[in-house]
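*Asks:* Quick one, work_27.cif (mmCIF, C-alpha atoms):
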```cif
data_input
loop_
_atom_site.label_atom_id
_atom_site.label_comp_id
_atom_site.auth_asym_id
_atom_site.auth_seq_id
_atom_site.Cartn_x
_atom_site.Cartn_y
_atom_site.Cartn_z
CA MET Q 1 102.33 123.76 94.13
CA ILE Q 2 103.61 120.51 92.70
CA GLY Q 3 101.03 117.71 92.62
CA ILE Q 4 102.11 114.11 93.11
CA VAL Q 5 99.94 111.18 92.07
CA GLY Q 6 100.55 108.17 94.33
CA GLY Q 7 101.49 107.81 97.99
CA GLY Q 8 103.91 104.91 97.70
CA ILE Q 9 107.66 105.11 98.24
CA ALA Q 10 108.27 106.88 94.91
CA GLY Q 11 105.64 109.57 95.48
CA LEU Q 12 106.68 110.25 99.07
CA SER Q 13 110.35 110.34 98.07
CA ALA Q 14 109.61 112.82 95.30
CA ALA Q 15 107.74 114.98 97.82
CA TYR Q 16 110.61 114.77 100.32
CA ARG Q 17 113.22 115.75 97.74
CA LEU Q 18 111.10 118.58 96.37
CA GLN Q 19 110.59 120.01 99.85
CA ASN Q 20 114.36 119.88 100.35
CA HIS Q 21 114.61 121.95 97.16
CA GLY Q 22 112.17 124.46 98.66
CA HIS Q 23 109.00 123.51 96.76
CA GLU Q 24 105.45 123.21 98.03
CA VAL Q 25 103.96 119.76 97.40
CA GLN Q 26 100.74 117.84 97.78
CA VAL Q 27 100.53 114.05 97.48
CA PHE Q 28 97.28 112.40 96.41
CA GLU Q 29 96.78 108.69 97.10
CA ALA Q 30 93.69 106.95 95.69
CA SER Q 31 93.50 104.28 98.40
CA GLU Q 32 92.99 104.86 102.10
CA ASP Q 33 96.41 103.42 102.92
CA LEU Q 34 99.90 104.67 102.13
CA GLY Q 35 102.99 102.62 101.39
CA GLY Q 36 101.81 100.45 98.51
CA LEU Q 37 103.64 97.11 98.55
CA ALA Q 38 105.40 97.99 101.82
CA ALA Q 39 102.18 97.99 103.88
CA THR Q 40 102.29 95.72 106.96
CA TYR Q 41 100.41 93.24 109.14
CA ASP Q 42 100.48 93.27 112.94
CA THR Q 43 102.14 90.36 114.77
CA ALA Q 44 102.73 89.57 118.44
CA GLY Q 45 105.77 91.86 118.15
CA ASP Q 46 107.04 93.99 115.27
CA PRO Q 47 104.84 94.42 112.20
CA ILE Q 48 105.73 92.47 109.04
CA GLU Q 49 105.37 93.49 105.40
CA LYS Q 50 102.44 92.05 103.44
CA PHE Q 51 104.88 91.41 100.57
CA TYR Q 52 108.45 90.33 101.41
CA HIS Q 53 111.17 92.97 101.32
CA HIS Q 54 114.90 93.13 101.86
CA LEU Q 55 117.86 95.15 100.62
CA SER Q 56 120.88 94.22 98.56
CA GLN Q 57 124.27 95.80 99.17
CA SER Q 58 123.99 97.77 95.92
CA GLU Q 59 120.92 99.68 97.15
CA GLN Q 60 122.59 102.73 98.63
CA THR Q 61 119.92 105.38 98.00
CA ILE Q 62 117.46 103.89 100.49
CA ILE Q 63 120.25 103.50 103.05
CA GLU Q 64 121.13 107.19 102.68
CA LEU Q 65 117.45 108.12 103.05
CA ALA Q 66 117.20 106.06 106.24
CA GLU Q 67 120.20 107.94 107.64
CA ASP Q 68 118.66 111.30 106.67
CA LEU Q 69 115.46 110.32 108.48
CA GLY Q 70 117.33 109.32 111.63
CA LEU Q 71 116.96 105.58 111.01
CA GLY Q 72 120.49 104.76 109.95
CA ASP Q 73 121.03 102.56 112.99
CA ALA Q 74 117.81 100.68 112.25
CA VAL Q 75 119.17 99.28 108.97
CA GLU Q 76 120.75 95.95 109.82
CA TRP Q 77 122.63 93.50 107.65
CA ARG Q 78 122.19 89.77 108.09
CA TYR Q 79 123.47 86.75 106.21
CA LYS Q 80 120.62 85.04 104.45
CA SER Q 81 120.37 81.34 103.73
CA ASP Q 82 119.27 79.77 100.44
CA ALA Q 83 118.34 76.20 99.64
CA PHE Q 84 116.70 74.07 96.98
CA TYR Q 85 113.94 71.63 97.79
CA VAL Q 86 114.26 68.61 95.49
CA ASP Q 87 112.76 65.12 95.83
CA GLY Q 88 111.60 65.69 99.39
CA ALA Q 89 114.92 67.03 100.72
CA VAL Q 90 116.25 70.51 101.47
CA HIS Q 91 119.71 71.21 100.01
CA PRO Q 92 121.46 74.32 101.46
CA MET Q 93 123.28 76.40 98.83
CA ASP Q 94 125.24 79.08 100.66
CA THR Q 95 128.78 77.91 101.39
CA PRO Q 96 131.19 76.36 98.87
CA TRP Q 97 130.95 72.94 100.50
CA GLU Q 98 127.14 73.07 100.48
CA ILE Q 99 127.14 73.93 96.79
CA LEU Q 100 129.67 71.16 96.11
CA ALA Q 101 127.41 68.72 97.97
CA TYR Q 102 124.35 69.58 95.83
CA PRO Q 103 123.83 66.25 94.05
CA TYR Q 104 121.96 67.52 90.99
CA LEU Q 105 124.90 69.40 89.47
CA SER Q 106 128.18 67.89 88.34
CA VAL Q 107 131.51 69.43 89.29
CA TYR Q 108 131.71 70.90 85.80
CA ASP Q 109 128.17 72.29 86.14
CA LYS Q 110 129.16 74.01 89.36
CA PHE Q 111 132.29 75.43 87.76
CA ARG Q 112 130.31 76.94 84.87
CA LEU Q 113 127.70 78.32 87.26
CA GLY Q 114 130.37 79.90 89.44
CA MET Q 115 132.10 81.51 86.48
CA LEU Q 116 128.89 83.11 85.25
CA VAL Q 117 128.04 84.45 88.72
CA LYS Q 118 131.57 85.90 88.87
CA GLU Q 119 130.98 87.38 85.38
CA ILE Q 120 133.81 85.40 83.81
CA ASP Q 121 133.25 84.01 80.32
CA VAL Q 122 135.03 80.66 79.95
CA ARG Q 123 133.65 79.63 76.58
CA GLY Q 124 136.42 78.39 74.34
CA GLY Q 125 138.67 77.61 77.31
CA VAL Q 126 140.20 81.09 77.64
CA PRO Q 127 138.68 83.22 80.42
CA THR Q 128 137.55 86.71 79.43
CA PHE Q 129 136.42 89.35 81.92
CA ASP Q 130 134.62 91.95 79.81
CA THR Q 131 132.02 89.87 77.93
CA TYR Q 132 129.18 90.84 80.24
CA GLU Q 133 130.03 94.50 80.89
CA ASN Q 134 127.55 96.03 78.44
CA LEU Q 135 124.10 94.70 79.32
CA GLN Q 136 122.55 96.10 76.17
CA ASP Q 137 124.58 93.60 74.14
CA PHE Q 138 122.27 90.94 75.61
CA GLU Q 139 118.99 92.84 75.58
CA ASP Q 140 117.59 90.82 72.67
CA VAL Q 141 119.13 87.46 73.63
CA PRO Q 142 116.63 84.87 74.95
CA ILE Q 143 117.52 83.90 78.49
CA LYS Q 144 117.31 80.14 77.93
CA GLU Q 145 119.49 80.32 74.84
CA PHE Q 146 122.02 82.41 76.76
CA LEU Q 147 122.16 80.09 79.77
CA LEU Q 148 122.58 76.95 77.69
CA GLU Q 149 125.45 78.58 75.81
CA HIS Q 150 127.16 80.20 78.80
CA THR Q 151 126.63 77.42 81.34
CA THR Q 152 125.25 73.87 80.84
CA GLN Q 153 122.00 71.96 80.46
CA GLY Q 154 122.31 70.76 84.05
CA VAL Q 155 122.79 74.26 85.40
CA TYR Q 156 119.73 75.41 83.51
CA GLU Q 157 117.48 72.57 84.67
CA TYR Q 158 118.57 72.29 88.30
CA PHE Q 159 119.43 75.88 89.13
CA TRP Q 160 118.18 78.65 86.83
CA GLU Q 161 114.96 77.17 85.46
CA PRO Q 162 113.30 76.73 88.89
CA LEU Q 163 114.18 80.34 89.72
CA LEU Q 164 112.78 81.56 86.41
CA ASP Q 165 109.63 79.48 86.90
CA ALA Q 166 109.09 81.10 90.28
CA LYS Q 167 109.86 84.60 89.00
CA PHE Q 168 108.18 84.67 85.59
CA GLY Q 169 106.09 81.50 85.26
CA SER Q 170 104.71 81.02 81.76
CA ARG Q 171 106.58 84.11 80.51
CA LYS Q 172 110.05 82.90 81.53
CA GLU Q 173 111.34 82.35 78.00
CA ASP Q 174 110.36 85.90 76.99
CA VAL Q 175 112.90 87.30 79.45
CA SER Q 176 116.19 88.72 78.18
CA ALA Q 177 119.67 87.64 79.16
CA ALA Q 178 120.37 91.30 79.98
CA TRP Q 179 117.95 91.08 82.89
CA LEU Q 180 119.78 88.06 84.33
CA LEU Q 181 123.20 89.71 84.04
CA GLY Q 182 121.83 92.91 85.52
CA ARG Q 183 120.37 90.93 88.40
CA VAL Q 184 123.77 89.32 89.07
CA LYS Q 185 125.35 92.78 89.26
CA PHE Q 186 122.47 94.13 91.34
CA ARG Q 187 122.78 91.51 94.07
CA GLY Q 188 126.36 92.45 94.85
CA GLU Q 189 129.19 90.47 96.38
CA ARG Q 190 128.97 87.26 98.44
CA ASP Q 191 131.19 86.27 101.31
CA LEU Q 192 132.96 83.09 100.26
CA LEU Q 193 132.27 81.31 103.55
CA ARG Q 194 128.98 82.83 104.70
CA GLY Q 195 127.11 83.72 101.52
CA GLU Q 196 125.24 86.95 100.84
CA GLN Q 197 124.16 89.66 103.23
CA LEU Q 198 120.78 91.32 102.90
CA GLY Q 199 119.49 94.40 104.66
CA TYR Q 200 116.34 94.91 106.67
CA VAL Q 201 114.87 97.79 108.68
CA GLN Q 202 114.39 96.81 112.30
CA GLY Q 203 110.67 97.17 112.92
CA SER Q 204 109.81 96.70 109.21
CA PHE Q 205 110.11 98.93 106.16
CA GLY Q 206 106.83 100.45 107.28
CA ARG Q 207 108.87 102.26 109.92
CA LEU Q 208 110.88 103.94 107.15
CA LEU Q 209 107.67 104.94 105.35
CA ASP Q 210 106.20 106.36 108.56
CA ALA Q 211 109.32 108.45 109.13
CA LEU Q 212 109.22 109.66 105.54
CA LEU Q 213 105.54 110.56 105.86
CA ASP Q 214 106.16 112.45 109.11
CA THR Q 215 108.96 114.42 107.46
CA VAL Q 216 106.91 115.26 104.37
CA GLY Q 217 104.03 116.22 106.70
CA ARG Q 218 100.73 114.42 106.92
CA GLU Q 219 99.01 117.69 106.05
CA ASN Q 220 100.69 117.46 102.64
CA VAL Q 221 99.31 113.97 101.90
CA THR Q 222 95.67 113.21 101.12
CA THR Q 223 94.40 109.63 101.04
CA GLY Q 224 91.17 108.51 99.42
CA ALA Q 225 91.98 111.06 96.72
CA ARG Q 226 91.88 109.84 93.13
CA VAL Q 227 93.43 112.10 90.51
CA THR Q 228 91.03 112.06 87.56
CA GLY Q 229 92.56 114.60 85.21
CA LEU Q 230 95.45 116.87 84.33
CA GLY Q 231 94.72 120.20 82.72
CA THR Q 232 97.19 121.61 80.19
CA GLY Q 233 97.49 124.81 78.24
CA ASP Q 234 100.13 126.19 75.89
CA GLY Q 235 101.89 122.82 76.09
CA THR Q 236 102.30 123.01 79.89
CA VAL Q 237 100.54 121.27 82.75
CA GLN Q 238 98.44 123.75 84.70
CA SER Q 239 95.99 121.89 86.93
CA MET Q 240 95.19 118.60 88.62
CA THR Q 241 91.63 117.41 89.24
CA VAL Q 242 91.14 115.26 92.35
CA GLU Q 243 88.09 113.28 93.40
CA THR Q 244 87.44 112.53 97.08
CA ALA Q 245 84.42 111.49 99.13
CA ASP Q 246 83.60 115.20 99.44
CA GLY Q 247 83.48 115.76 95.69
CA GLU Q 248 85.82 116.96 92.94
CA THR Q 249 88.41 119.70 93.33
CA THR Q 250 90.79 121.25 90.82
CA HIS Q 251 94.21 122.40 92.03
CA ASP Q 252 96.60 124.73 90.21
CA VAL Q 253 99.97 123.00 89.77
CA GLU Q 254 103.35 124.02 88.40
CA SER Q 255 104.34 120.41 87.76
CA ALA Q 256 102.88 116.94 88.18
CA VAL Q 257 104.69 113.75 89.19
CA ILE Q 258 102.89 110.51 88.36
CA ALA Q 259 104.34 107.97 90.78
CA THR Q 260 102.04 105.06 90.03
CA MET Q 261 101.69 102.19 87.58
CA PRO Q 262 101.79 103.10 83.87
CA ASN Q 263 98.08 102.35 83.35
CA VAL Q 264 97.32 105.39 85.53
CA LEU Q 265 99.80 107.41 83.48
CA GLU Q 266 97.99 106.38 80.29
CA ASP Q 267 94.57 107.19 81.76
CA LEU Q 268 95.71 110.67 82.76
CA THR Q 269 97.86 111.61 79.79
CA GLY Q 270 97.32 109.10 76.98
CA TYR Q 271 101.01 108.13 77.11
CA PRO Q 272 101.17 104.40 76.30
CA CYS Q 273 103.46 101.88 77.94
CA ASP Q 274 104.03 98.48 76.34
CA ILE Q 275 105.64 96.86 79.39
CA ASP Q 276 103.74 93.83 80.63
CA PHE Q 277 103.31 93.42 84.38
CA GLN Q 278 102.56 90.41 86.51
CA GLY Q 279 100.55 90.17 89.68
CA THR Q 280 101.38 88.50 92.97
CA VAL Q 281 99.44 86.46 95.48
CA CYS Q 282 101.34 86.45 98.77
CA SER Q 283 100.40 84.95 102.12
CA VAL Q 284 102.03 85.44 105.49
CA LEU Q 285 101.77 82.36 107.69
CA SER Q 286 102.39 82.34 111.46
CA LEU Q 287 103.32 79.04 113.12
CA ASP Q 288 104.43 77.97 116.56
CA THR Q 289 107.47 76.15 115.16
CA SER Q 290 110.19 76.36 112.52
CA MET Q 291 110.06 74.00 109.53
CA THR Q 292 113.52 74.61 108.01
CA ASP Q 293 116.90 76.20 108.67
CA THR Q 294 116.54 78.26 105.49
CA TYR Q 295 115.38 81.79 104.71
CA TRP Q 296 114.70 81.39 100.98
CA LEU Q 297 113.61 77.94 99.82
CA ASN Q 298 113.55 77.47 96.05
CA LEU Q 299 111.26 74.67 94.94
CA ILE Q 300 111.90 72.06 92.28
CA ASP Q 301 108.53 70.57 93.01
CA ASP Q 302 104.88 70.75 91.97
CA ALA Q 303 104.02 72.88 95.01
CA PRO Q 304 101.05 75.22 94.47
CA PHE Q 305 103.20 78.27 95.38
CA GLY Q 306 106.41 79.48 93.76
CA VAL Q 307 108.58 80.02 96.81
CA LEU Q 308 108.59 79.46 100.57
CA ILE Q 309 110.40 82.08 102.64
CA GLU Q 310 110.91 81.51 106.35
CA HIS Q 311 111.29 85.13 107.36
CA THR Q 312 112.23 84.29 110.94
CA ASN Q 313 115.30 82.44 109.72
CA PHE Q 314 116.47 85.90 108.62
CA VAL Q 315 115.00 88.18 111.30
CA PRO Q 316 114.73 86.28 114.63
CA GLU Q 317 111.31 85.21 115.90
CA SER Q 318 111.98 87.07 119.16
CA ARG Q 319 111.18 90.27 117.24
CA TYR Q 320 107.69 88.89 116.60
CA GLY Q 321 106.76 87.69 120.06
CA GLY Q 322 107.99 84.17 119.30
CA GLU Q 323 105.93 83.72 116.14
CA HIS Q 324 107.63 81.86 113.26
CA LEU Q 325 106.66 83.77 110.12
CA TYR Q 326 106.62 82.51 106.54
CA TYR Q 327 105.86 83.93 103.14
CA LEU Q 328 104.18 81.75 100.51
CA ALA Q 329 104.00 83.50 97.18
CA SER Q 330 103.38 83.09 93.47
CA TYR Q 331 103.53 85.48 90.55
CA VAL Q 332 100.55 85.49 88.18
CA GLN Q 333 101.06 86.21 84.50
CA ASP Q 334 97.45 85.74 83.36
CA TYR Q 335 94.49 86.85 85.45
CA GLU Q 336 92.48 83.93 84.10
CA GLU Q 337 94.80 81.58 85.98
CA ASP Q 338 93.14 79.40 88.59
CA LEU Q 339 95.18 80.87 91.43
CA TRP Q 340 94.07 84.44 90.70
CA GLN Q 341 90.44 83.36 90.39
CA ARG Q 342 90.40 81.75 93.85
CA THR Q 343 89.30 83.63 96.94
CA ASN Q 344 91.92 84.34 99.59
CA GLU Q 345 90.42 81.62 101.77
CA GLU Q 346 90.66 79.11 98.91
CA VAL Q 347 94.27 80.12 98.25
CA GLU Q 348 95.17 79.63 101.90
CA ASP Q 349 93.55 76.20 102.02
CA LEU Q 350 95.38 75.14 98.86
CA TRP Q 351 98.69 76.45 100.10
CA LEU Q 352 98.43 74.85 103.53
CA ASP Q 353 97.90 71.53 101.75
CA GLY Q 354 101.02 72.31 99.76
CA VAL Q 355 103.03 72.95 102.92
CA ALA Q 356 101.85 69.60 104.28
CA ASP Q 357 103.00 67.87 101.07
CA LEU Q 358 106.47 69.41 101.41
CA PHE Q 359 106.78 68.79 105.14
CA PRO Q 360 104.81 65.73 106.31
CA ALA Q 361 105.32 66.70 109.97
CA PHE Q 362 103.37 69.91 109.42
CA ASP Q 363 100.08 70.09 111.34
CA ARG Q 364 97.44 72.76 110.69
CA GLU Q 365 96.99 72.99 114.44
CA GLN Q 366 100.35 74.79 114.47
CA VAL Q 367 98.86 77.71 112.52
CA ASN Q 368 98.39 80.88 114.58
CA TRP Q 369 97.10 82.97 111.71
CA MET Q 370 97.38 83.42 107.95
CA GLN Q 371 96.77 86.55 105.90
CA THR Q 372 96.78 86.88 102.12
CA ALA Q 373 97.38 89.95 99.97
CA ARG Q 374 97.31 90.29 96.21
CA ASN Q 375 98.22 92.97 93.75
CA PRO Q 376 97.62 92.82 89.99
CA ARG Q 377 100.82 94.68 89.09
CA THR Q 378 103.72 94.01 91.41
CA ALA Q 379 106.59 93.54 88.99
CA PRO Q 380 107.46 94.02 85.33
CA ILE Q 381 108.17 91.11 83.02
CA TYR Q 382 111.67 91.95 81.88
CA GLU Q 383 111.22 90.66 78.37
CA ARG Q 384 113.53 91.22 75.43
CA GLY Q 385 113.53 94.85 74.32
CA TYR Q 386 112.47 96.01 77.78
CA LEU Q 387 114.76 99.04 77.91
CA ASP Q 388 113.17 100.40 74.75
CA MET Q 389 109.80 100.41 76.55
CA VAL Q 390 110.89 102.20 79.72
CA VAL Q 391 108.94 105.40 80.42
CA PRO Q 392 111.23 108.47 80.66
CA TYR Q 393 111.16 110.62 83.76
CA ASP Q 394 110.48 113.82 81.82
CA LEU Q 395 107.39 113.64 79.60
CA GLY Q 396 107.63 117.24 78.45
CA GLU Q 397 108.22 116.38 74.81
CA SER Q 398 105.73 113.51 74.68
CA VAL Q 399 102.82 114.90 76.72
CA ALA Q 400 103.23 118.39 78.18
CA ASP Q 401 105.93 120.40 79.86
CA GLY Q 402 105.92 119.85 83.62
CA ILE Q 403 104.70 116.23 83.63
CA TYR Q 404 107.05 113.61 85.09
CA TYR Q 405 106.88 109.88 85.68
CA ALA Q 406 108.34 108.02 88.71
CA GLY Q 407 106.38 104.75 88.65
CA MET Q 408 107.44 101.14 88.25
CA ALA Q 409 107.96 101.46 84.48
CA SER Q 410 110.84 103.90 85.03
CA ARG Q 411 114.51 103.14 84.39
CA ALA Q 412 115.26 103.02 88.12
CA GLN Q 413 113.27 99.78 88.43
CA TYR Q 414 115.65 97.82 86.18
CA PRO Q 415 117.03 95.16 86.52
CA GLU Q 416 114.88 94.59 89.60
CA ARG Q 417 111.94 96.47 91.06
CA SER Q 418 112.73 97.64 94.56
CA LEU Q 419 111.99 100.27 97.18
CA ASP Q 420 115.43 101.70 96.37
CA GLY Q 421 114.39 102.07 92.73
CA GLY Q 422 111.22 103.87 93.77
CA ILE Q 423 113.25 106.35 95.79
CA GLU Q 424 115.68 106.88 92.91
CA ALA Q 425 112.81 107.53 90.50
CA GLY Q 426 111.17 109.99 92.90
CA TYR Q 427 114.46 111.82 93.40
CA ALA Q 428 115.16 111.94 89.66
CA CYS Q 429 111.81 113.59 88.93
CA ALA Q 430 112.22 116.03 91.82
CA ASP Q 431 115.66 117.08 90.61
CA LEU Q 432 114.38 117.60 87.06
CA ILE Q 433 111.52 119.75 88.37
CA ASP Q 434 113.92 121.85 90.41
CA GLU Q 435 116.18 122.33 87.39
CA ARG Q 436 113.17 123.41 85.31
CA SER Q 437 112.08 125.82 88.03
CA THR Q 438 115.57 127.30 88.27
CA ARG Q 439 115.68 127.84 84.48
CA ARG Q 440 112.32 129.61 84.55
CA VAL Q 441 113.43 131.90 87.37
CA GLU Q 442 116.66 132.70 85.53
CA ALA Q 443 114.76 133.38 82.30
CA THR Q 444 112.38 135.74 84.13
CA SER Q 445 115.23 137.61 85.82
CA ASP Q 446 116.96 138.11 82.45
#
```
Render the structure in this file as structure tokens.
*Replies:*
Amino acid sequence: MIGIVGGGIAGLSAAYRLQNHGHEVQVFEASEDLGGLAATYDTAGDPIEKFYHHLSQSEQTIIELAEDLGLGDAVEWRYKSDAFYVDGAVHPMDTPWEILAYPYLSVYDKFRLGMLVKEIDVRGGVPTFDTYENLQDFEDVPIKEFLLEHTTQGVYEYFWEPLLDAKFGSRKEDVSAAWLLGRVKFRGERDLLRGEQLGYVQGSFGRLLDALLDTVGRENVTTGARVTGLGTGDGTVQSMTVETADGETTHDVESAVIATMPNVLEDLTGYPCDIDFQGTVCSVLSLDTSMTDTYWLNLIDDAPFGVLIEHTNFVPESRYGGEHLYYLASYVQDYEEDLWQRTNEEVEDLWLDGVADLFPAFDREQVNWMQTARNPRTAPIYERGYLDMVVPYDLGESVADGIYYAGMASRAQYPERSLDGGIEAGYACADLIDERSTRRVEATSD
């Protein structure tokens, strides 16, 4: 048997791939719920994720998995809308004429921004097209220094800095230029007239997780099961100790996949990970009415949340029984921060006041419901030198033969953590295990 620690998308994907290779698996999830960050709330119609999710065109692994699970037709592509909120006004930023109308960037600013997004280096007046090909060339370059050199002060202040504030908060200047360039490549192509398309699973990403769980087999997944130890001998993993409400059980295993955060990896194996992670506080707000025409509203404002996402300007409110659904979210870099210390009720009260400050016509009587979720480790801080800190899939040389890692500190979660990256990491570990098993069989037969 192969034991898998963690019942999120990475762990379930590893189990699915291993079963396809003919292996017996058992997934152990410490919490009572599966799905991790893709868990959902109920609405008047379809469920909605507790933490916002969508797909970029470059994320093909999850699309292929959906097709394998019979959900290919459920993956839909929709044009999103972006805007900046500045000085009390919403400025759409999708079409060329909307970008040209944005009053806080000069024509030259917009030209330099466009060239960077198109990965064209125009420094010195002669365009070059290969400057940004090798991301590792920029791994140790501070992001602010890079942006000021490759664009302009105006572009930094009125475009990139608000995005970095929302994404990394107080740690923004620790981030590398390689992350930014990788993110540009990750997000894929934009339609000149309509902007960028994003993908969504009709009925929520929870539907994909349910299909994956059904295929893996619920009998092969145990919730409320905390893995407390890995037994090794002769340099090879041999057992996995699991604690449940019924007591402690030790299982013989051929291999172990740790598909969780790196702190669990360190607790189980002693393998250290120097990557810093940030937490997220995220609320879903249901209203009777729409407040904007925008899906993703970036804020150049002192709002108490980092971003406002009107989900039903992306997926229509008819899917949710007519509810207009919003995400309010902020990343947290330090758990001593005031936001993290507040109760969920206090966060919601603060954030509803913030919505009223942004939109004076907002009335709390419009609120149908509001739910808040938080997670202490939702995303890495992609600081300089990040790639040197990534945890390898195969920990045979570092820990013991047969131990693999598919969590958020893996290479598949760079330059952006995603469900697609979780699937890739799970698949990578499963394929390595199958290769190891094949070698052992061949060695025995010889």
*Asks:* Show which residues sit within 9 Å of segment 335-345 of chain Q, as a list in words. Count only C-alpha atoms, and ignore same-chain residues fewer than 3 positions away.
*Replies:*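 Residues meeting the cut-off are Gln278, Gly279, Thr280, Val281, Ser283, Pro304, Ser330, Val332, Glu348, Asp349, Leu350, Gln371, Thr372, Ala373, Arg374 and Pro376 of chain Q.
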*Asks:* I need the output of the PyMOL selection byres ((chain Q and resi 219) around 12) for this file as an MDAnalysis selection string; which residues are they?
*Replies:* chainID Q and resid 24:28 213:218 220:223
*Asks:* Take the point (101.0, 115.5, 83.7) as written in the file and pick out every residue within 9 Å of it, counting only C-alpha atoms; give the list as an mmCIF file with C-alpha atoms, in the frame of the given file.
*Replies:*
```
data_model
loop_
_atom_site.group_PDB
_atom_site.id
_atom_site.type_symbol
_atom_site.label_atom_id
_atom_site.label_comp_id
_atom_site.auth_asym_id
_atom_site.auth_seq_id
_atom_site.Cartn_x
_atom_site.Cartn_y
_atom_site.Cartn_z
ATOM 1 C CA GLY Q 229 92.560 114.600 85.210
ATOM 2 C CA LEU Q 230 95.450 116.870 84.330
ATOM 3 C CA GLY Q 231 94.720 120.200 82.720
ATOM 4 C CA THR Q 232 97.190 121.610 80.190
ATOM 5 C CA THR Q 236 102.300 123.010 79.890
ATOM 6 C CA VAL Q 237 100.540 121.270 82.750
ATOM 7 C CA GLN Q 238 98.440 123.750 84.700
ATOM 8 C CA SER Q 239 95.990 121.890 86.930
ATOM 9 C CA MET Q 240 95.190 118.600 88.620
ATOM 10 C CA SER Q 255 104.340 120.410 87.760
ATOM 11 C CA ALA Q 256 102.880 116.940 88.180
ATOM 12 C CA VAL Q 257 104.690 113.750 89.190
ATOM 13 C CA ILE Q 258 102.890 110.510 88.360
ATOM 14 C CA LEU Q 265 99.800 107.410 83.480
ATOM 15 C CA LEU Q 268 95.710 110.670 82.760
ATOM 16 C CA THR Q 269 97.860 111.610 79.790
ATOM 17 C CA LEU Q 395 107.390 113.640 79.600
ATOM 18 C CA GLY Q 396 107.630 117.240 78.450
ATOM 19 C CA VAL Q 399 102.820 114.900 76.720
ATOM 20 C CA ALA Q 400 103.230 118.390 78.180
ATOM 21 C CA ASP Q 401 105.930 120.400 79.860
ATOM 22 C CA GLY Q 402 105.920 119.850 83.620
ATOM 23 C CA ILE Q 403 104.700 116.230 83.630
ATOM 24 C CA TYR Q 404 107.050 113.610 85.090
ATOM 25 C CA TYR Q 405 106.880 109.880 85.680
#
```
*Asks:* Starting from the shown file, work through the PyMOL selection byres ((chain Q and resi 163-165) around 10) and note down what comes out as a list in words.
*Replies:* Phe84, Ile143, Lys144, Tyr156, Glu157, Tyr158, Phe159, Trp160, Glu161, Pro162, Ala166, Lys167, Phe168, Gly169, Ser170, Arg171, Lys172, Glu173, Val175, Leu180, Asn298, Leu299, Ile300, Gly306, Val307, Ser330 and Tyr331 of chain Q
*Asks:* Using all atoms listed in the file and a cutoff of 12 Å, can you tell me which residues are near (128.8, 78.7, 78.8) in the file's coordinates, and write them out as a PyMOL selection string?
*Replies:* chain Q and resi 108-117+119-128+131+144-156
*Asks:* On this structure, which residues satisfy the PyMOL selection byres ((chain Q and resi 364) around 10), written as a compact mmCIF listing (two decimals) with C-alpha atoms, in the coordinates of the input?
*Replies:*
```
# COMPACT_ATOMS: atom_id res chain seq x y z
CA LEU Q 287 103.32 79.04 113.12
CA LEU Q 352 98.43 74.85 103.53
CA ASP Q 353 97.90 71.53 101.75
CA VAL Q 355 103.03 72.95 102.92
CA ALA Q 356 101.85 69.60 104.28
CA ALA Q 361 105.32 66.70 109.97
CA PHE Q 362 103.37 69.91 109.42
CA ASP Q 363 100.08 70.09 111.34
CA GLU Q 365 96.99 72.99 114.44
CA GLN Q 366 100.35 74.79 114.47
CA VAL Q 367 98.86 77.71 112.52
CA ASN Q 368 98.39 80.88 114.58
```
*Asks:* With a distance cut-off of 10 Å and all atoms listed in the file, select the neighbouring residues of Asp293 of chain Q, excluding the residue or stretch itself and same-chain residues fewer than 4 positions from it, and output the selection as a list in words.
*Replies:*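 The filter keeps Ser81, Asp82, Ala83, Val90, Pro92, Leu297, Glu310, Thr312, Asn313 and Phe314 of chain Q.
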*Asks:* In Å, rounded to a single decimal, give me how far atom CA of His324 of chain Q is from atom CA of Thr292 of chain Q.
*Replies:*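 Computing it gives 10.7 Å between the two atoms.
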*Asks:* One decimal, in Å: what's the spacing between atom CA of Ala259 of chain Q and atom CA of Ala14 of chain Q?
*Replies:*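 Computing the Euclidean distance for atom CA of Ala259 of chain Q and atom CA of Ala14 of chain Q yields 8.5 Å.
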*Asks:* Tell me, in Å to one decimal, how far atom CA of Asp388 of chain Q is from atom CA of Gly270 of chain Q.
*Replies:* 18.2 Å
*Asks:* So, counting all atoms listed in the file, which residue among Q:His21, Q:Lys80, Q:His53, Q:His91 is closest to Arg417 of chain Q?
*Replies:*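 Ranking Q:His21, Q:Lys80, Q:His53, Q:His91 by distance to Arg417 of chain Q, first place goes to Q:His53.
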*Asks:* Show which residues sit within 6 Å of Val141 of chain Q, as a ChimeraX atom specification. Count only C-alpha atoms, and ignore same-chain residues fewer than 2 positions away.
*Replies:* /Q:138-139,176-177
